[in-house]
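Enquirer: Before anything else, here's the structure in question.
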Amino acid sequence: MEDLRLTIGNKNYSSWSLRPWILLKHLGLEFSERVLPLDTPQFARDIAALSPSRRVPLLTHGALTIWDSLAICEYVCELTGRGWPSDRAARAVARSVCAEMHSGFSILRSQWPMNARAEGRRTAPNPERDADIARIEDLWNDCRTRYGAGGPWLFGEYSVADAMFAPVVLRFRTYGPRLRAPSAAYAATVRADVHLRDWLTSAAAETWTIEDSEIGR
Ligand SMILES: N[C@@H](CCC(=O)N[C@@H](CS)C(=O)NCC(=O)O)C(=O)O
């Protein structure tokens with residue numbers, strides 16, 4: 001197989017980058033990674049030559065460039081034949097869950113940016129954000145109840161759905177909402193994931209700071 005190269009943003013802040021990165025790790029794919037620091041002149045210069053959308057993440061595989069986190073996840077699932085539930089109905093629900101995450105939860109995402117190394121941050125209450133959180137908890141609990149019997153992940157075995165929600169778990173770790181018992185257990189599973197721990201170690205070693213993403217106190 002030709003070399004896979006994943007270009008990502010800062011591990012501390014780039015929630016979109018975490019998704020394909022952690023899926024590639026779980027699928028056991030060898031890949032090289034290149035980190036471009038967001039909000040810097042270097043980012044603007046380098047990304048222009050790499051990505052038609054000028055955003056990260058992006059995956060190159062030989063001459064092929066794939067941009068957008070979900071498209072990359074789909075591609076690596078095709079490469080490996082893994083990453084989606086094998087049951088057609090479960091797979092359809094998993095795709096719905098991923099699409100909802102990919103296009104939704106904008107209030108949560110804007111008010112609680114991913115800030116992997118930050119813990120114990122508190123922000124003012126917000127009912128719209130609470131509604132996003134409640135919907136995410138319902139999603140997790142429903143997936144675990146209906147499809148999770150074969151393992152600790154949303155659909156039992158690790159899938160794209162878990163990769164898509166990994167940054168949400170980090171947001172919850174930073175800003176500390178009170179979760180219901182089943183979703184709290186799922187969040188604990190994600191936090192204990194060895195690949196997530198590796199990502200957090202790298203994020204903690206980064207020295208860049210993005211003021212706009214330093215929310216709460
Ligand atoms: N829908 C895209 C979103 C990618 C995205 O917004 N990436 C951010 C970093 S997390 C970015 O590249 N920002 C750089 C910029 O806007 O200049 C995906 O899923 O990959």
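FYI, nothing fancy with the structure tokens labels: chains A, B, ... in order, residues from 1 per chain, ligands from 1 as they appear.
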Find the nearest atom pair between each residue of chain A and ligand 1 for residues within 9 Å, count only C-alpha atoms and all ligand atoms, give distances in Å to one decimal, sort rows by chain and ascending number, and present the table as CSV.

Expert:
```
residue,atom,partner,partner_atom_place_in_ligand_line,distance
A:Ile8,CA,ligand 1,9 (C),7.9
A:Gly9,CA,ligand 1,9 (C),6.0
A:Asn10,CA,ligand 1,10 (S),8.3
A:Tyr13,CA,ligand 1,10 (S),6.9
A:Ser14,CA,ligand 1,10 (S),3.9
A:Ser15,CA,ligand 1,10 (S),5.2
A:Trp16,CA,ligand 1,10 (S),4.7
A:Ser17,CA,ligand 1,10 (S),6.1
A:Leu18,CA,ligand 1,10 (S),8.7
A:Arg19,CA,ligand 1,19 (O),8.6
A:Pro20,CA,ligand 1,20 (O),9.0
A:Leu38,CA,ligand 1,14 (C),6.0
A:Asp39,CA,ligand 1,17 (O),6.5
A:Thr40,CA,ligand 1,17 (O),8.9
A:Phe43,CA,ligand 1,17 (O),7.7
A:Ala44,CA,ligand 1,17 (O),7.0
A:Ile47,CA,ligand 1,12 (O),8.5
A:Ser53,CA,ligand 1,12 (O),8.2
A:Arg54,CA,ligand 1,12 (O),6.4
A:Arg55,CA,ligand 1,12 (O),3.1
A:Val56,CA,ligand 1,12 (O),4.0
A:Pro57,CA,ligand 1,20 (O),5.3
A:Leu58,CA,ligand 1,20 (O),7.3
A:Trp67,CA,ligand 1,20 (O),6.3
A:Asp68,CA,ligand 1,20 (O),3.2
A:Ser69,CA,ligand 1,20 (O),3.9
A:Leu70,CA,ligand 1,19 (O),5.8
A:Ala71,CA,ligand 1,19 (O),7.8
A:Ile72,CA,ligand 1,20 (O),8.4
A:His102,CA,ligand 1,19 (O),6.7
A:Ser103,CA,ligand 1,1 (N),8.1
```

Enquirer: Write a file of the just-selected residues containing C-alpha atoms, as a short mmCIF file (atom, residue, chain, number, x, y, z; two decimals), in the first residue's frame.

Expert:
```
data_model
loop_
_atom_site.label_atom_id
_atom_site.label_comp_id
_atom_site.auth_asym_id
_atom_site.auth_seq_id
_atom_site.Cartn_x
_atom_site.Cartn_y
_atom_site.Cartn_z
CA ILE A 8 -3.75 17.84 11.10
CA GLY A 9 -4.02 20.99 13.20
CA ASN A 10 -2.75 21.50 16.74
CA TYR A 13 -7.42 22.55 19.58
CA SER A 14 -8.23 20.74 16.33
CA SER A 15 -11.32 18.68 17.03
CA TRP A 16 -11.84 17.81 13.36
CA SER A 17 -8.29 16.43 13.19
CA LEU A 18 -8.73 14.11 16.16
CA ARG A 19 -11.51 12.17 14.42
CA PRO A 20 -9.63 10.58 11.50
CA LEU A 38 -3.70 26.80 13.31
CA ASP A 39 -4.01 30.58 13.13
CA THR A 40 -0.39 31.14 12.11
CA PHE A 43 -0.64 27.43 8.42
CA ALA A 44 -1.88 29.88 5.79
CA ILE A 47 -2.30 24.65 3.70
CA SER A 53 -10.58 23.63 1.24
CA ARG A 54 -7.58 25.19 3.05
CA ARG A 55 -8.58 23.29 6.15
CA VAL A 56 -7.34 20.35 8.14
CA PRO A 57 -7.54 17.42 8.42
CA LEU A 58 -6.50 16.05 5.09
CA TRP A 67 -10.09 16.41 2.74
CA ASP A 68 -12.83 16.60 5.37
CA SER A 69 -12.80 14.42 8.48
CA LEU A 70 -15.79 12.26 7.58
CA ALA A 71 -14.61 11.64 4.02
CA ILE A 72 -11.25 10.50 5.39
CA HIS A 102 -20.73 16.34 11.51
CA SER A 103 -23.38 18.93 10.70
#
```

Enquirer: With only C-alpha atoms as the counted atoms, please give the residues lying no more than 12 Å from Pro127 (chain A), apart from itself and same-chain residues fewer than 3 positions off, as a PyMOL selection string.

Expert: chain A and resi 107-108+111+124+130-134

Enquirer: Using backbone DSSP assignments, extract all alpha helix (DSSP H) residues from region 12-190 of chain A; output them as a PyMOL selection string.

Expert: chain A and resi 15-27+41-50+69-80+88-103+106-111+127-147+160-175+181-190

Enquirer: Using only C-alpha atoms, please write the residues we just selected to a file, as a JSON list (two decimals), in the first residue's frame.

Expert:
```json
[["chain", "number", "residue", "atom", "x", "y", "z"],
["A", 15, "SER", "CA", -11.32, 18.68, 17.03],
["A", 16, "TRP", "CA", -11.84, 17.81, 13.36],
["A", 17, "SER", "CA", -8.29, 16.43, 13.19],
["A", 18, "LEU", "CA", -8.73, 14.11, 16.16],
["A", 19, "ARG", "CA", -11.51, 12.17, 14.42],
["A", 20, "PRO", "CA", -9.63, 10.58, 11.50],
["A", 21, "TRP", "CA", -6.41, 10.37, 13.53],
["A", 22, "ILE", "CA", -7.99, 8.20, 16.23],
["A", 23, "LEU", "CA", -9.85, 6.07, 13.70],
["A", 24, "LEU", "CA", -6.63, 5.34, 11.79],
["A", 25, "LYS", "CA", -5.02, 4.32, 15.08],
["A", 26, "HIS", "CA", -7.91, 2.02, 15.97],
["A", 27, "LEU", "CA", -7.84, 0.44, 12.52],
["A", 41, "PRO", "CA", 1.26, 32.46, 8.95],
["A", 42, "GLN", "CA", 2.81, 29.01, 8.53],
["A", 43, "PHE", "CA", -0.64, 27.43, 8.42],
["A", 44, "ALA", "CA", -1.88, 29.88, 5.79],
["A", 45, "ARG", "CA", 1.21, 29.32, 3.65],
["A", 46, "ASP", "CA", 1.40, 25.53, 3.91],
["A", 47, "ILE", "CA", -2.30, 24.65, 3.70],
["A", 48, "ALA", "CA", -2.77, 26.61, 0.47],
["A", 49, "ALA", "CA", -0.43, 24.21, -1.28],
["A", 50, "LEU", "CA", -2.01, 21.12, 0.25],
["A", 69, "SER", "CA", -12.80, 14.42, 8.48],
["A", 70, "LEU", "CA", -15.79, 12.26, 7.58],
["A", 71, "ALA", "CA", -14.61, 11.64, 4.02],
["A", 72, "ILE", "CA", -11.25, 10.50, 5.39],
["A", 73, "CYS", "CA", -12.98, 8.17, 7.84],
["A", 74, "GLU", "CA", -15.05, 6.68, 4.99],
["A", 75, "TYR", "CA", -11.93, 6.21, 2.87],
["A", 76, "VAL", "CA", -9.93, 4.37, 5.52],
["A", 77, "CYS", "CA", -12.94, 2.13, 6.23],
["A", 78, "GLU", "CA", -12.93, 1.20, 2.54],
["A", 79, "LEU", "CA", -9.19, 0.52, 2.68],
["A", 80, "THR", "CA", -9.50, -1.84, 5.64],
["A", 88, "ARG", "CA", -26.82, -3.07, 7.74],
["A", 89, "ALA", "CA", -29.38, -1.51, 10.09],
["A", 90, "ALA", "CA", -26.75, -0.73, 12.72],
["A", 91, "ARG", "CA", -24.53, 0.71, 9.99],
["A", 92, "ALA", "CA", -27.34, 2.99, 8.81],
["A", 93, "VAL", "CA", -27.88, 4.25, 12.35],
["A", 94, "ALA", "CA", -24.13, 4.73, 12.80],
["A", 95, "ARG", "CA", -24.03, 6.82, 9.63],
["A", 96, "SER", "CA", -26.99, 8.89, 10.86],
["A", 97, "VAL", "CA", -25.23, 9.50, 14.16],
["A", 98, "CYS", "CA", -22.02, 10.55, 12.38],
["A", 99, "ALA", "CA", -23.87, 12.85, 9.98],
["A", 100, "GLU", "CA", -25.71, 14.48, 12.87],
["A", 101, "MET", "CA", -22.43, 15.10, 14.65],
["A", 102, "HIS", "CA", -20.73, 16.34, 11.51],
["A", 103, "SER", "CA", -23.38, 18.93, 10.70],
["A", 106, "SER", "CA", -23.06, 24.19, 16.60],
["A", 107, "ILE", "CA", -23.93, 25.88, 19.93],
["A", 108, "LEU", "CA", -21.96, 23.33, 21.92],
["A", 109, "ARG", "CA", -19.08, 23.49, 19.48],
["A", 110, "SER", "CA", -18.82, 27.26, 19.47],
["A", 111, "GLN", "CA", -19.33, 27.79, 23.21],
["A", 127, "PRO", "CA", -30.15, 26.31, 27.81],
["A", 128, "GLU", "CA", -29.39, 25.87, 24.10],
["A", 129, "ARG", "CA", -26.08, 24.28, 24.92],
["A", 130, "ASP", "CA", -27.82, 22.07, 27.48],
["A", 131, "ALA", "CA", -30.19, 20.93, 24.72],
["A", 132, "ASP", "CA", -27.21, 19.93, 22.55],
["A", 133, "ILE", "CA", -25.73, 17.99, 25.47],
["A", 134, "ALA", "CA", -29.02, 16.25, 26.22],
["A", 135, "ARG", "CA", -29.33, 15.19, 22.58],
["A", 136, "ILE", "CA", -25.78, 13.80, 22.58],
["A", 137, "GLU", "CA", -26.47, 11.85, 25.75],
["A", 138, "ASP", "CA", -29.65, 10.42, 24.23],
["A", 139, "LEU", "CA", -27.69, 9.39, 21.14],
["A", 140, "TRP", "CA", -24.97, 7.67, 23.13],
["A", 141, "ASN", "CA", -27.42, 5.91, 25.42],
["A", 142, "ASP", "CA", -29.57, 4.74, 22.52],
["A", 143, "CYS", "CA", -26.57, 3.35, 20.59],
["A", 144, "ARG", "CA", -25.15, 1.61, 23.65],
["A", 145, "THR", "CA", -28.53, 0.09, 24.55],
["A", 146, "ARG", "CA", -29.52, -1.07, 21.09],
["A", 147, "TYR", "CA", -26.18, -1.92, 19.48],
["A", 160, "VAL", "CA", -16.42, 5.83, 12.97],
["A", 161, "ALA", "CA", -19.16, 6.92, 15.39],
["A", 162, "ASP", "CA", -16.74, 6.71, 18.33],
["A", 163, "ALA", "CA", -14.13, 8.68, 16.40],
["A", 164, "MET", "CA", -16.67, 11.38, 15.55],
["A", 165, "PHE", "CA", -17.61, 11.86, 19.21],
["A", 166, "ALA", "CA", -14.11, 11.67, 20.73],
["A", 167, "PRO", "CA", -13.71, 15.49, 20.64],
["A", 168, "VAL", "CA", -17.07, 15.89, 22.41],
["A", 169, "VAL", "CA", -15.80, 13.73, 25.24],
["A", 170, "LEU", "CA", -12.78, 16.03, 25.53],
["A", 171, "ARG", "CA", -15.06, 19.07, 25.61],
["A", 172, "PHE", "CA", -17.01, 17.47, 28.44],
["A", 173, "ARG", "CA", -13.73, 16.72, 30.21],
["A", 174, "THR", "CA", -12.77, 20.40, 30.00],
["A", 175, "TYR", "CA", -16.09, 22.06, 30.90],
["A", 181, "ALA", "CA", -24.98, 7.39, 34.33],
["A", 182, "PRO", "CA", -24.94, 5.53, 30.97],
["A", 183, "SER", "CA", -23.38, 8.38, 29.03],
["A", 184, "ALA", "CA", -20.94, 9.07, 31.85],
["A", 185, "ALA", "CA", -19.78, 5.44, 31.57],
["A", 186, "TYR", "CA", -19.31, 5.78, 27.82],
["A", 187, "ALA", "CA", -17.34, 9.03, 28.28],
["A", 188, "ALA", "CA", -15.11, 7.22, 30.80],
["A", 189, "THR", "CA", -14.43, 4.48, 28.22],
["A", 190, "VAL", "CA", -13.37, 7.10, 25.68]]
```

Enquirer: Contacts of Leu200 (chain A) at 8 Å or less, counting only C-alpha atoms, minus same-chain residues fewer than 2 places along, as an NGL selection string?

Expert: :A and (11-12 or 116-117 or 196-198 or 202-204)

Enquirer: Could you check how far CA of Pro37 (chain A) sits from CA of His61 (chain A), in Å to one decimal?

Expert: 21.9 Å

Enquirer: As an mmCIF file with all heavy atoms, in the first residue's frame, please: every residue in region 14-185 of chain A that a backbone DSSP assignment puts in strand (DSSP E).

Expert:
```
data_model
loop_
_atom_site.group_PDB
_atom_site.id
_atom_site.type_symbol
_atom_site.label_atom_id
_atom_site.label_comp_id
_atom_site.auth_asym_id
_atom_site.auth_seq_id
_atom_site.Cartn_x
_atom_site.Cartn_y
_atom_site.Cartn_z
ATOM 1 N N SER A 32 1.997 8.539 8.451
ATOM 2 C CA SER A 32 2.810 9.615 9.009
ATOM 3 C C SER A 32 1.889 10.794 9.266
ATOM 4 O O SER A 32 0.839 10.919 8.627
ATOM 5 C CB SER A 32 3.946 10.013 8.061
ATOM 6 O OG SER A 32 3.407 10.450 6.846
ATOM 7 N N GLU A 33 2.277 11.637 10.194
ATOM 8 C CA GLU A 33 1.426 12.790 10.489
ATOM 9 C C GLU A 33 2.236 14.076 10.433
ATOM 10 O O GLU A 33 3.435 14.085 10.717
ATOM 11 C CB GLU A 33 0.730 12.646 11.842
ATOM 12 C CG GLU A 33 1.652 12.621 13.028
ATOM 13 C CD GLU A 33 0.884 12.386 14.331
ATOM 14 O OE1 GLU A 33 0.294 11.310 14.512
ATOM 15 O OE2 GLU A 33 0.915 13.291 15.180
ATOM 16 N N ARG A 34 1.569 15.111 10.012
ATOM 17 C CA ARG A 34 2.197 16.430 9.949
ATOM 18 C C ARG A 34 1.247 17.394 10.642
ATOM 19 O O ARG A 34 0.060 17.439 10.317
ATOM 20 C CB ARG A 34 2.387 16.805 8.490
ATOM 21 C CG ARG A 34 2.672 18.268 8.222
ATOM 22 C CD ARG A 34 2.939 18.531 6.748
ATOM 23 N NE ARG A 34 1.991 17.856 5.881
ATOM 24 C CZ ARG A 34 2.118 17.742 4.563
ATOM 25 N NH1 ARG A 34 3.169 18.217 3.956
ATOM 26 N NH2 ARG A 34 1.194 17.131 3.847
ATOM 27 N N VAL A 35 1.770 18.148 11.606
ATOM 28 C CA VAL A 35 0.936 19.097 12.355
ATOM 29 C C VAL A 35 1.195 20.507 11.824
ATOM 30 O O VAL A 35 2.346 20.953 11.774
ATOM 31 C CB VAL A 35 1.259 19.041 13.868
ATOM 32 C CG1 VAL A 35 0.463 20.102 14.623
ATOM 33 C CG2 VAL A 35 0.966 17.651 14.433
ATOM 34 N N LEU A 58 -6.470 16.611 6.425
ATOM 35 C CA LEU A 58 -6.500 16.051 5.092
ATOM 36 C C LEU A 58 -5.569 14.853 5.045
ATOM 37 O O LEU A 58 -4.585 14.785 5.792
ATOM 38 C CB LEU A 58 -6.161 17.106 4.044
ATOM 39 C CG LEU A 58 -4.759 17.232 3.527
ATOM 40 C CD1 LEU A 58 -4.819 17.376 2.031
ATOM 41 C CD2 LEU A 58 -4.114 18.484 4.102
ATOM 42 N N LEU A 59 -5.946 13.903 4.203
ATOM 43 C CA LEU A 59 -5.182 12.657 4.063
ATOM 44 C C LEU A 59 -4.667 12.588 2.640
ATOM 45 O O LEU A 59 -5.438 12.818 1.696
ATOM 46 C CB LEU A 59 -6.096 11.452 4.338
ATOM 47 C CG LEU A 59 -5.432 10.065 4.268
ATOM 48 C CD1 LEU A 59 -4.566 9.820 5.512
ATOM 49 C CD2 LEU A 59 -6.487 8.953 4.146
ATOM 50 N N THR A 60 -3.384 12.277 2.488
ATOM 51 C CA THR A 60 -2.885 11.977 1.149
ATOM 52 C C THR A 60 -2.512 10.508 1.101
ATOM 53 O O THR A 60 -1.993 9.932 2.065
ATOM 54 C CB THR A 60 -1.673 12.856 0.761
ATOM 55 O OG1 THR A 60 -0.684 12.739 1.770
ATOM 56 C CG2 THR A 60 -2.072 14.301 0.600
ATOM 57 N N HIS A 61 -2.833 9.900 -0.034
ATOM 58 C CA HIS A 61 -2.532 8.489 -0.263
ATOM 59 C C HIS A 61 -2.021 8.401 -1.693
ATOM 60 O O HIS A 61 -2.817 8.416 -2.638
ATOM 61 C CB HIS A 61 -3.793 7.638 -0.083
ATOM 62 C CG HIS A 61 -3.524 6.178 -0.067
ATOM 63 N ND1 HIS A 61 -4.488 5.231 -0.313
ATOM 64 C CD2 HIS A 61 -2.368 5.487 0.171
ATOM 65 C CE1 HIS A 61 -3.963 4.031 -0.229
ATOM 66 N NE2 HIS A 61 -2.682 4.159 0.064
ATOM 67 N N LEU A 64 -3.521 10.778 -4.386
ATOM 68 C CA LEU A 64 -4.889 11.128 -3.997
ATOM 69 C C LEU A 64 -4.903 12.005 -2.739
ATOM 70 O O LEU A 64 -4.218 11.709 -1.757
ATOM 71 C CB LEU A 64 -5.666 9.830 -3.720
ATOM 72 C CG LEU A 64 -7.126 9.945 -3.307
ATOM 73 C CD1 LEU A 64 -7.970 10.572 -4.423
ATOM 74 C CD2 LEU A 64 -7.666 8.553 -2.954
ATOM 75 N N THR A 65 -5.708 13.054 -2.779
ATOM 76 C CA THR A 65 -5.914 13.906 -1.596
ATOM 77 C C THR A 65 -7.364 13.791 -1.165
ATOM 78 O O THR A 65 -8.271 13.941 -1.984
ATOM 79 C CB THR A 65 -5.606 15.378 -1.924
ATOM 80 O OG1 THR A 65 -4.222 15.493 -2.246
ATOM 81 C CG2 THR A 65 -5.914 16.282 -0.739
ATOM 82 N N ILE A 66 -7.583 13.521 0.119
ATOM 83 C CA ILE A 66 -8.947 13.455 0.662
ATOM 84 C C ILE A 66 -9.021 14.472 1.794
ATOM 85 O O ILE A 66 -8.233 14.412 2.744
ATOM 86 C CB ILE A 66 -9.276 12.053 1.212
ATOM 87 C CG1 ILE A 66 -9.010 10.999 0.140
ATOM 88 C CG2 ILE A 66 -10.728 11.958 1.671
ATOM 89 C CD1 ILE A 66 -8.102 9.919 0.615
ATOM 90 N N TRP A 67 -9.923 15.404 1.689
ATOM 91 C CA TRP A 67 -10.093 16.406 2.743
ATOM 92 C C TRP A 67 -11.445 16.195 3.386
ATOM 93 O O TRP A 67 -12.300 15.496 2.833
ATOM 94 C CB TRP A 67 -9.943 17.820 2.168
ATOM 95 C CG TRP A 67 -10.996 18.208 1.181
ATOM 96 C CD1 TRP A 67 -12.113 18.936 1.439
ATOM 97 C CD2 TRP A 67 -11.032 17.886 -0.207
ATOM 98 N NE1 TRP A 67 -12.847 19.084 0.292
ATOM 99 C CE2 TRP A 67 -12.209 18.449 -0.741
ATOM 100 C CE3 TRP A 67 -10.188 17.162 -1.056
ATOM 101 C CZ2 TRP A 67 -12.572 18.326 -2.073
ATOM 102 C CZ3 TRP A 67 -10.545 17.037 -2.386
ATOM 103 C CH2 TRP A 67 -11.722 17.616 -2.894
#
```

Enquirer: When you draw a straight line from CA of Ala205 (chain A) to CA of Asp3 (chain A), how long is it in Å?

Expert: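 According to the coordinates, CA of Ala205 (chain A) and CA of Asp3 (chain A) are separated by 26.5 Å.
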